[in-house]
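Next comes model15.tsv, a file with TSV, C-alpha atoms and all ligand atoms.
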chain	number	residue	atom	x	y	z
A	890	MET	CA	105.08	144.62	153.82
A	891	LYS	CA	104.12	144.85	150.18
A	892	ILE	CA	101.86	142.14	148.91
A	893	ALA	CA	99.86	141.51	145.76
A	894	VAL	CA	97.00	139.04	145.63
A	895	ALA	CA	96.37	137.35	142.29
A	896	GLY	CA	94.58	134.32	140.89
A	897	LYS	CA	91.86	133.12	138.57
A	898	GLY	CA	88.52	134.93	138.49
A	899	GLY	CA	86.23	134.13	141.41
A	900	VAL	CA	88.74	132.22	143.54
A	901	GLY	CA	88.45	134.65	146.45
A	902	LYS	CA	91.14	137.30	145.81
A	903	THR	CA	88.93	140.13	146.98
A	904	PHE	CA	87.74	138.27	150.07
A	905	VAL	CA	91.34	137.49	151.05
A	906	SER	CA	92.67	140.99	150.25
A	907	ALA	CA	89.88	142.82	152.06
A	908	THR	CA	89.97	140.60	155.14
A	909	LEU	CA	93.75	140.72	155.31
A	910	ALA	CA	93.76	144.51	154.99
A	911	ARG	CA	91.19	144.94	157.77
A	912	LEU	CA	92.99	142.53	160.11
A	913	LEU	CA	96.35	144.23	159.58
A	914	ALA	CA	94.77	147.63	160.19
A	915	ARG	CA	93.15	146.35	163.38
A	916	ASP	CA	96.58	145.33	164.56
A	917	GLY	CA	97.63	148.94	164.27
A	918	TYR	CA	99.43	148.96	160.94
A	919	SER	CA	98.80	151.63	158.30
A	920	VAL	CA	97.33	149.77	155.41
A	921	LEU	CA	96.88	150.89	151.86
A	922	ALA	CA	94.51	148.58	149.99
A	923	VAL	CA	94.83	148.94	146.24
A	924	ASP	CA	92.14	147.78	143.87
A	925	ALA	CA	93.79	146.88	140.60
A	926	ASP	CA	90.97	144.66	139.40
A	927	PRO	CA	88.73	145.94	136.61
A	928	ASN	CA	85.70	144.73	138.58
A	929	LEU	CA	86.42	147.29	141.28
A	930	ASN	CA	84.79	145.58	144.21
A	931	LEU	CA	87.45	145.83	146.88
A	932	GLY	CA	85.86	148.95	148.38
A	933	TYR	CA	82.58	147.20	148.82
A	934	SER	CA	84.28	144.16	150.35
A	935	LEU	CA	86.21	146.37	152.76
A	936	GLY	CA	82.89	147.68	154.01
A	937	LEU	CA	82.27	150.92	152.14
A	938	GLU	CA	78.63	151.69	151.52
A	939	TYR	CA	77.56	150.46	148.10
A	940	GLU	CA	76.87	154.00	146.88
A	941	ALA	CA	80.19	155.34	148.12
A	942	ALA	CA	82.11	152.44	146.61
A	943	ASN	CA	80.33	152.86	143.29
A	944	LYS	CA	81.08	156.57	143.13
A	945	ILE	CA	84.84	156.07	143.14
A	946	VAL	CA	86.43	156.73	139.77
A	947	PRO	CA	89.44	154.48	139.17
A	948	LEU	CA	92.62	156.41	138.53
A	949	THR	CA	92.96	154.87	135.07
A	950	GLY	CA	89.52	156.23	134.21
A	951	ASN	CA	90.34	159.72	135.44
A	952	GLU	CA	91.25	161.44	132.21
A	953	ALA	CA	91.88	164.80	133.82
A	954	LEU	CA	94.36	163.27	136.25
A	955	ILE	CA	96.20	161.38	133.52
A	956	LYS	CA	96.40	164.54	131.46
A	957	GLU	CA	97.56	166.52	134.49
A	958	LYS	CA	100.26	164.02	135.37
A	959	THR	CA	101.51	162.81	132.01
A	960	GLY	CA	100.27	165.35	129.54
A	961	ALA	CA	98.71	162.50	127.59
A	962	SER	CA	95.20	161.29	127.03
A	963	PRO	CA	94.63	157.80	128.48
A	964	GLU	CA	94.98	156.06	125.15
A	965	GLU	CA	97.62	158.22	123.55
A	966	ALA	CA	100.51	156.24	122.18
A	967	LEU	CA	104.11	156.66	123.13
A	968	GLY	CA	105.95	158.81	120.68
A	969	ASN	CA	103.89	161.82	121.54
A	970	ILE	CA	105.74	163.89	124.02
A	971	PHE	CA	104.39	163.27	127.43
A	972	ASN	CA	105.90	163.13	130.82
A	973	MET	CA	106.95	159.57	131.54
A	974	ASN	CA	107.96	160.45	135.04
A	975	PRO	CA	104.98	162.21	136.55
A	976	ARG	CA	105.11	163.28	140.19
A	977	VAL	CA	102.72	161.00	141.95
A	978	ASN	CA	103.36	161.61	145.64
A	979	ASP	CA	100.08	163.48	146.09
A	980	ILE	CA	97.86	160.78	144.59
A	981	VAL	CA	97.24	158.62	147.65
A	982	ASP	CA	96.26	161.66	149.69
A	983	ARG	CA	94.08	163.12	146.96
A	984	PHE	CA	92.32	159.95	145.88
A	985	GLY	CA	92.64	157.54	148.80
A	986	VAL	CA	89.28	156.77	150.42
A	987	ASN	CA	88.88	155.93	154.09
A	988	ALA	CA	87.43	152.50	154.68
A	989	PRO	CA	86.54	150.78	158.00
A	990	ASP	CA	89.33	150.10	160.52
A	991	ASN	CA	91.28	152.97	158.96
A	992	VAL	CA	92.21	151.07	155.85
A	993	LYS	CA	93.02	153.51	153.07
A	994	LEU	CA	91.64	152.40	149.71
A	995	LEU	CA	93.06	153.44	146.38
A	996	VAL	CA	91.10	152.35	143.35
A	997	MET	CA	93.69	152.16	140.66
A	998	GLY	CA	91.91	150.28	137.91
A	999	THR	CA	93.70	148.56	135.09
A	1000	VAL	CA	94.64	149.44	131.57
A	1001	LYS	CA	92.65	147.58	128.99
A	1002	GLY	CA	94.87	145.83	126.53
A	1003	GLY	CA	97.75	147.22	128.52
A	1004	GLY	CA	100.09	144.52	127.34
A	1005	THR	CA	103.75	145.01	126.72
A	1006	GLY	CA	103.21	147.21	123.69
A	1007	CYS	CA	100.89	149.76	125.25
A	1008	MET	CA	102.62	152.66	126.90
A	1009	CYS	CA	99.70	155.02	126.97
A	1010	GLY	CA	99.32	157.72	129.56
A	1011	ALA	CA	97.29	155.61	131.96
A	1012	ASN	CA	99.85	152.84	131.87
A	1013	ALA	CA	102.72	155.24	132.45
A	1014	LEU	CA	100.91	156.70	135.43
A	1015	LEU	CA	100.19	153.27	136.95
A	1016	ARG	CA	103.76	152.17	136.62
A	1017	VAL	CA	105.18	155.22	138.30
A	1018	LEU	CA	102.50	155.15	140.97
A	1019	LEU	CA	103.17	151.49	141.78
A	1020	GLN	CA	106.85	152.21	141.99
A	1021	HIS	CA	106.13	155.07	144.38
A	1022	MET	CA	103.88	152.93	146.58
A	1023	LEU	CA	106.33	150.05	146.66
A	1024	ILE	CA	109.47	152.02	147.26
A	1025	GLN	CA	108.68	155.36	148.84
A	1026	ARG	CA	105.59	154.86	150.94
A	1027	GLY	CA	105.75	153.23	154.33
A	1028	GLU	CA	102.31	151.67	154.54
A	1029	ILE	CA	101.59	148.01	154.21
A	1030	LEU	CA	100.37	147.49	150.68
A	1031	VAL	CA	97.74	144.89	149.88
A	1032	MET	CA	96.94	144.89	146.19
A	1033	ASP	CA	93.93	143.04	144.80
A	1034	MET	CA	94.70	142.27	141.21
A	1035	VAL	CA	93.89	140.06	138.26
A	1036	ALA	CA	96.24	137.52	136.79
A	1037	GLY	CA	97.76	139.98	134.34
A	1038	LEU	CA	100.86	141.62	135.73
A	1039	GLU	CA	101.71	143.80	132.80
A	1040	HIS	CA	101.59	147.13	134.56
A	1041	ILE	CA	104.09	146.04	137.15
A	1042	GLY	CA	107.45	146.88	135.69
A	1043	ARG	CA	110.64	145.02	136.28
A	1044	GLY	CA	112.47	146.61	139.14
A	1045	THR	CA	109.16	147.47	140.74
A	1046	ALA	CA	108.17	143.83	141.00
A	1047	ARG	CA	111.39	143.09	142.84
A	1048	ARG	CA	110.29	145.47	145.58
A	1049	MET	CA	107.20	143.42	146.25
A	1050	ASP	CA	107.68	141.08	149.19
A	1051	ALA	CA	105.36	138.46	147.87
A	1052	MET	CA	102.71	137.71	145.36
A	1053	ILE	CA	100.00	135.59	146.91
A	1054	VAL	CA	98.18	133.42	144.43
A	1055	VAL	CA	94.78	132.33	145.64
A	1056	ILE	CA	93.66	128.99	144.30
A	1057	GLU	CA	90.61	126.81	144.49
A	1058	PRO	CA	90.85	123.03	144.36
A	1059	ARG	CA	90.14	123.14	140.63
A	1060	MET	CA	92.40	122.44	137.67
A	1061	LYS	CA	91.61	125.77	136.01
A	1062	SER	CA	92.91	127.71	138.93
A	1063	VAL	CA	96.10	125.64	138.86
A	1064	ASP	CA	96.51	126.52	135.18
A	1065	THR	CA	96.23	130.18	136.10
A	1066	VAL	CA	99.02	129.72	138.64
A	1067	ARG	CA	101.20	128.35	135.86
A	1068	ARG	CA	100.57	131.43	133.76
A	1069	ILE	CA	101.18	133.75	136.69
A	1070	LEU	CA	104.45	131.99	137.45
A	1071	LYS	CA	105.65	132.58	133.92
A	1072	MET	CA	104.79	136.28	133.99
A	1073	ALA	CA	106.18	136.67	137.47
A	1074	GLU	CA	109.46	135.21	136.39
A	1075	GLU	CA	109.72	137.65	133.50
A	1076	ILE	CA	109.28	140.67	135.75
A	1077	GLU	CA	111.33	139.10	138.54
A	1078	VAL	CA	108.84	138.79	141.36
A	1079	LYS	CA	110.88	137.49	144.30
A	1080	THR	CA	108.41	135.29	146.08
A	1081	ILE	CA	105.24	133.53	145.07
A	1082	LEU	CA	103.10	131.92	147.73
A	1083	ALA	CA	99.85	130.03	147.39
A	1084	VAL	CA	96.74	130.31	149.52
A	1085	GLY	CA	94.17	127.56	149.05
A	1086	ASN	CA	90.58	128.78	149.36
A	1087	LYS	CA	87.15	127.12	149.40
A	1088	VAL	CA	88.62	123.94	150.79
A	1089	MET	CA	85.89	121.45	151.68
A	1090	ARG	CA	87.43	118.02	151.98
A	1091	ASP	CA	90.75	116.34	152.64
A	1092	LYS	CA	90.78	115.60	148.95
A	1093	ASP	CA	90.78	119.34	148.19
A	1094	GLU	CA	93.67	119.91	150.52
A	1095	VAL	CA	95.67	117.05	149.01
A	1096	PHE	CA	94.95	118.35	145.49
A	1097	ILE	CA	96.14	121.86	146.31
A	1098	ASN	CA	99.24	120.67	148.14
A	1099	GLU	CA	100.23	118.24	145.40
A	1100	LYS	CA	99.70	120.62	142.51
A	1101	MET	CA	101.57	123.45	144.22
A	1102	LYS	CA	104.41	121.13	145.20
A	1103	LYS	CA	104.82	120.21	141.55
A	1104	LEU	CA	105.01	123.88	140.63
A	1105	GLY	CA	107.36	124.64	143.52
A	1106	VAL	CA	104.96	127.10	145.15
A	1107	PRO	CA	104.67	126.88	148.95
A	1108	VAL	CA	101.13	126.72	150.30
A	1109	ILE	CA	101.06	129.06	153.30
A	1110	ALA	CA	97.37	128.93	154.20
A	1111	LEU	CA	94.25	126.90	153.56
A	1112	ILE	CA	90.92	128.64	153.93
A	1113	PRO	CA	87.85	126.45	154.28
A	1114	TYR	CA	84.76	126.82	152.17
A	1115	ASP	CA	82.58	128.72	154.60
A	1116	GLN	CA	78.90	129.43	154.14
A	1117	SER	CA	79.19	132.63	156.14
A	1118	VAL	CA	81.36	134.16	153.38
A	1119	ALA	CA	78.51	133.61	150.96
A	1120	ASP	CA	75.91	134.76	153.50
A	1121	ALA	CA	77.88	137.93	154.22
A	1122	ASP	CA	78.02	138.58	150.49
A	1123	MET	CA	74.24	138.25	150.22
A	1124	GLU	CA	73.78	140.63	153.13
A	1125	GLY	CA	76.24	143.10	151.61
A	1126	ILE	CA	78.38	143.09	154.73
A	1127	PRO	CA	82.11	142.26	154.86
A	1128	THR	CA	82.60	138.75	156.25
A	1129	ILE	CA	84.86	140.11	158.98
A	1130	ASP	CA	81.90	142.15	160.28
A	1131	TYR	CA	79.16	139.65	159.53
A	1132	ALA	CA	80.90	136.57	160.91
A	1133	PRO	CA	84.08	137.61	162.72
A	1134	ASN	CA	84.49	134.18	164.31
A	1135	SER	CA	83.87	132.18	161.16
A	1136	LEU	CA	86.42	129.57	160.15
A	1137	ALA	CA	87.25	131.48	156.96
A	1138	VAL	CA	88.06	134.70	158.84
A	1139	LYS	CA	90.08	132.71	161.38
A	1140	ALA	CA	92.10	131.18	158.56
A	1141	VAL	CA	92.85	134.63	157.12
A	1142	LYS	CA	93.86	135.76	160.62
A	1143	GLU	CA	96.40	132.93	160.69
A	1144	LEU	CA	97.62	134.02	157.27
A	1145	GLU	CA	97.97	137.59	158.56
A	1146	GLU	CA	100.01	136.46	161.56
A	1147	LEU	CA	102.25	134.39	159.35
A	1148	LEU	CA	102.85	137.35	157.02
A	1149	ILE	CA	103.62	139.67	159.93
A	1150	GLU	CA	106.06	137.12	161.30
A	1151	ARG	CA	107.67	136.70	157.91
A	1152	TYR	CA	107.89	140.32	156.81
A	1153	LYS	CA	107.88	142.11	160.18
A	1154	PRO	CA	106.43	145.41	159.01
A	1201	LIG	N1	86.16	130.64	151.72
A	1201	LIG	C1	85.03	130.87	151.05
A	1201	LIG	N2	83.92	130.16	151.34
A	1201	LIG	C2	82.75	130.39	150.65
A	1201	LIG	N3	82.62	131.30	149.69
A	1201	LIG	C3	83.69	132.03	149.36
A	1201	LIG	C4	84.94	131.86	150.02
A	1201	LIG	N4	85.82	132.76	149.49
A	1201	LIG	C5	85.14	133.45	148.55
A	1201	LIG	N5	83.87	133.01	148.46
A	1201	LIG	C6	82.81	133.52	147.53
A	1201	LIG	O1	83.29	133.34	146.22
A	1201	LIG	C7	82.92	134.42	145.40
A	1201	LIG	C8	84.15	135.05	144.78
A	1201	LIG	O2	84.94	135.64	145.80
A	1201	LIG	P1	85.77	136.95	145.51
A	1201	LIG	O3	84.93	138.00	144.91
A	1201	LIG	O4	86.55	137.28	146.72
A	1201	LIG	O5	86.74	136.36	144.38
A	1201	LIG	P2	87.67	137.13	143.36
A	1201	LIG	O6	88.79	136.20	143.06
A	1201	LIG	O7	88.02	138.47	143.88
A	1201	LIG	O8	86.71	137.28	142.12
A	1201	LIG	P3	86.87	138.25	140.83
A	1201	LIG	O9	87.89	137.57	139.98
A	1201	LIG	O10	85.51	138.24	140.24
A	1201	LIG	O11	87.31	139.58	141.34
A	1201	LIG	C9	82.16	135.40	146.28
A	1201	LIG	O12	80.79	135.19	146.09
A	1201	LIG	C10	82.56	135.01	147.68
A	1201	LIG	O13	81.54	135.29	148.60
A	1202	MG	MG	87.78	140.38	143.05

Please, can you express the file's structure as C-alpha cells?
Amino acid sequence: MKIAVAGKGGVGKTFVSATLARLLARDGYSVLAVDADPNLNLGYSLGLEYEAANKIVPLTGNEALIKEKTGASPEEALGNIFNMNPRVNDIVDRFGVNAPDNVKLLVMGTVKGGGTGCMCGANALLRVLLQHMLIQRGEILVMDMVAGLEHIGRGTARRMDAMIVVIEPRMKSVDTVRRILKMAEEIEVKTILAVGNKVMRDKDEVFINEKMKKLGVPVIALIPYDQSVADADMEGIPTIDYAPNSLAVKAVKELEELLIERYKP
C-alpha cells in the first residue's frame, strides 16, 4: 500500500499521516512514514522526542549525501555531469529513524523551487529514491507532503495506490484540491481520494460532500473536529497516545480499515 497525503496548509495532513502510520504499524504492517513537507513535523507527530525529531537532517539538506549519490551539489544545474541514477537502496536503512510502534521515519524534505525546470542533485536524488520506495520496497508507504507534486515523476506516480487529499470545510481547501487534481493528472496519479477533516456540523459534511462530488473525488472518510487533537498538540503528545479513544482517532482507524480492505497490503 503506497499512499501520499496532500492538501492545503494546516488542514491536518500530518495528523492524518502520523495516526494512519501508527495504526497500520500496530496492526503488524511494516510502515515507512516519509516526511516530504518542508515543515518537517511528522517525526514529532509520530511521537519522537522533540529534540530527536529536531536533530534529523532532511535528505535534501544533506549535501554530503547528495554529492555522494549524484556527484552534484544540491543546487547544481543539469548539464554538469552527475549521476542521474544514483543507487539509493541503502538510504532507508542509513537514514530511517525508528519511531513508536515500529514506524520507520524517513525525513526526505523538499526541493525549494523544484519545479519542472530544476533538475538539481537533490531533485534527482528524491526522484530516484521515491521510485525505489514505490516500486522496490515492500513496506507500506505513507507520505506526508505539501500540495506540490513536482518531485514525483511520471511513471513513479502511477505506482502510488492513492493520493489522499485532506480537506477542511473551507473554500480555500477546495481550491487546493482543484490545483492538486490538475497536477495529479499531469503526472498520472491513478486514484485521488478525499478525507474531510475538522468536521463540526452537518453543514460541513454537506459542503465537503457536495464540493468533492462536483470535482469527482470520492470522500472516503470524515474526521470530526476534536478538541483532543488540539489538546494533544499542546501537550506535545501524539493524539493516538494522548486520546486513543477520541472520535478523531476512531475516524482515522476507520480510514485505516478501509484502506487495508481496498489495497490489501
Ligand atoms: N480533527 C481535528 N480536530 C481538531 N484539531 C485538528 C484536527 N486535525 C488537525 N487539527 C489541528 O490542526 C492543526 C494543523 O494540523 P496538522 O499539522 O496535522 O496539519 P497539516 O496539514 O500537516 O499542516 P501543515 O500544512 O502546516 O503541515 C494542528 O494544530 C492540529 O492539532
Ligand atoms: Mg504538516

Inset, instruction - Go ahead and compute the interatomic distance for CA of Leu1144 in chain A and atom O1 of ligand LIG 1201 (chain A), in Å to one decimal. - result: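 Pair CA of Leu1144 in chain A / atom O1 of ligand LIG 1201 (chain A) returns 18.1 Å.
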
Inset, instruction - Could you please determine the separation between CA of Glu1057 in chain A and CA of Ala1137 in chain A in Å, to one decimal place? - result: 13.7 Å

Inset, instruction - Step by step, measure atom-to-atom distances between ligand MG 1202 (chain A) and each residue using all atoms listed in the file, keep those at most 9 Å, then write them as a list of chain:residue names. - result: A:Gly898, A:Gly899, A:Val900, A:Gly901, A:Lys902, A:Thr903, A:Phe904, A:Ser906, A:Asp924, A:Asp926, A:Pro927, A:Asn928, A:Leu929, A:Asn930, A:Leu931, A:Ser934, A:Asp1033, A:Met1034, A:Val1035

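Interatomic distance, CA of Ala922 in chain A to CA of Arg1043 in chain A: 21.5 Å.
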
So which residues touch Thr1065 in chain A within 8 Å, counting all atoms listed in the file, skipping near sequence neighbours fewer than 3 positions away, as a tab-separated table (two decimals) with C-alpha atoms, in the coordinates of the input?
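File produced: part38.tsv:
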chain	number	residue	atom	x	y	z
A	896	GLY	CA	94.58	134.32	140.89
A	897	LYS	CA	91.86	133.12	138.57
A	1036	ALA	CA	96.24	137.52	136.79
A	1061	LYS	CA	91.61	125.77	136.01
A	1062	SER	CA	92.91	127.71	138.93
A	1068	ARG	CA	100.57	131.43	133.76
A	1069	ILE	CA	101.18	133.75	136.69

Inset, instruction - List every protein, DNA or RNA residue with an atom no more than 9 Å from (92.2, 152.7, 158.6) in the file's coordinates, counting only C-alpha atoms, and format the result as a list in words. - result: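 Those within range, by chain then number, are Arg911, Ala914, Arg915, Gly917, Tyr918, Ser919, Val920, Leu921, Asn987, Ala988, Pro989, Asp990, Asn991, Val992, Lys993 and Leu994 of chain A.
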
Dump as a Markdown table the rows for residues of range 999-1114 of chain A within 10 Å of range 954-958 of chain A: closest atom pair and distance in Å with one decimal, all atoms listed in the file counted, ordered by chain and rising residue number.
| residue | atom | partner | partner_atom | distance |
| --- | --- | --- | --- | --- |
| A:Cys1009 | CA | A:Ile955 | CA | 9.8 |
| A:Gly1010 | CA | A:Ile955 | CA | 6.2 |
| A:Ala1011 | CA | A:Ile955 | CA | 6.1 |
| A:Asn1012 | CA | A:Ile955 | CA | 9.4 |
| A:Ala1013 | CA | A:Ile955 | CA | 9.0 |
| A:Leu1014 | CA | A:Ile955 | CA | 6.9 |
| A:Leu1015 | CA | A:Ile955 | CA | 9.7 |

Residues from the last selection, C-alpha atoms, saved as a JSON list (two decimals), in the coordinates of the input:
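Output below, filename part_1.json:
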[["chain", "number", "residue", "atom", "x", "y", "z"],
["A", 1009, "CYS", "CA", 99.70, 155.02, 126.97],
["A", 1010, "GLY", "CA", 99.32, 157.72, 129.56],
["A", 1011, "ALA", "CA", 97.29, 155.61, 131.96],
["A", 1012, "ASN", "CA", 99.85, 152.84, 131.87],
["A", 1013, "ALA", "CA", 102.72, 155.24, 132.45],
["A", 1014, "LEU", "CA", 100.91, 156.70, 135.43],
["A", 1015, "LEU", "CA", 100.19, 153.27, 136.95]]

Inset, instruction - Within 7 Å of range 937-949 of chain A, counting all atoms listed in the file, which residues show up once you throw out same-chain ones fewer than 4 positions away? Write them as a list in words, please. - result: Gly932, Tyr933, Ala988, Val996, Met997, Gly998, Thr999, Val1000 and Ala1011 of chain A

For those residues, write C-alpha atoms to a file as a PDB file, keeping the file's coordinate frame.
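Output contents, as saved in again24.pdb:
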ATOM      1  CA  GLY A 932      85.860 148.950 148.380  1.00  0.00           C
ATOM      2  CA  TYR A 933      82.580 147.200 148.820  1.00  0.00           C
ATOM      3  CA  ALA A 988      87.430 152.500 154.680  1.00  0.00           C
ATOM      4  CA  VAL A 996      91.100 152.350 143.350  1.00  0.00           C
ATOM      5  CA  MET A 997      93.690 152.160 140.660  1.00  0.00           C
ATOM      6  CA  GLY A 998      91.910 150.280 137.910  1.00  0.00           C
ATOM      7  CA  THR A 999      93.700 148.560 135.090  1.00  0.00           C
ATOM      8  CA  VAL A1000      94.640 149.440 131.570  1.00  0.00           C
ATOM      9  CA  ALA A1011      97.290 155.610 131.960  1.00  0.00           C
TER      10      ALA A1011
END

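Using all atoms listed in the file, the shortest contact distance between ligand LIG 1201 (chain A) and any of A:Lys1102, A:Lys1092, A:Lys1087, A:Arg1151 is found at A:Lys1087.
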
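Candidate residues A:Leu1147, A:Val894, A:Ala961, A:Met1049 were compared for distance to ligand LIG 1201 (chain A), and the nearest is A:Val894, using all atoms listed in the file.
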